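Okay, so here's the structure we're looking at.
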Amino acid sequence: MDPEDGQVYAPGAWVVLQALAYDQDEEDLPDENLTWVSDRDGALGQGWEVETTSLTPGWHTLTLTGTDDNGLSASDSVSIYIGYRAWLPLLHK
């Protein structure tokens with residue numbers, strides 16, 4: 001699954017979601033059986049690859065769910081951050 005857990009993206013940057021899903025009975029699952037969802041923004045698209053630039057700032061748990069023709073499903077998730085890395089200096093009095 002791509003992106004990797006903990007990856008950081010600037011707001012408005014391209015985020016490419018990629019994964020492979022395999023079913024023992026059906027081989028590779030078709031695009032319409034793969035669904036990407038963000039816990040913040042909802043549905044992101046279907047298929048082994050989805051591209052977006054519209055994720056809202058903050059932490060997202062992105063989940064891919066694959067469903068076979070029998071209605072059985074499995075999911076995998078990754079957390080990413082949309083925003084800027086900022087390091088603030090410590091001030092001592």
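Naming scheme: A, B, ... for chains in displayed order of the structure tokens; residues 1 onward per chain; ligands 1 onward as shown.
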
For Gly71 in chain A, please output as a ChimeraX atom specification all residues within 12 Å (counting only C-alpha atoms; exclusion window: fewer than 6 positions along the same chain). /A:23,33,65

Would you return as number ranges by chain the members of range 13-86 of chain A that DSSP assigns to strand (DSSP E) on this structure's backbone? A: 15-18, 22-23, 27-28, 34-38, 42-46, 49-52, 58-67, 73-82

Find the residues around range 48-54 of chain A up to 10 Å (only C-alpha atoms counted), leave out those fewer than 3 positions away in its own chain, and share them as a ChimeraX atom specification. /A:1-2,9-21,28-36,41,44-45,57,64,66,82

Calculated over only C-alpha atoms, which of the candidates A:Glu27, A:Gly58, A:Val37, A:Gln7 has the smallest distance to Ser75 in chain A? A:Val37

Could you tell me how far CA of Val78 in chain A lies from CA of Gly42 in chain A, in Å and to one decimal? 14.6 Å
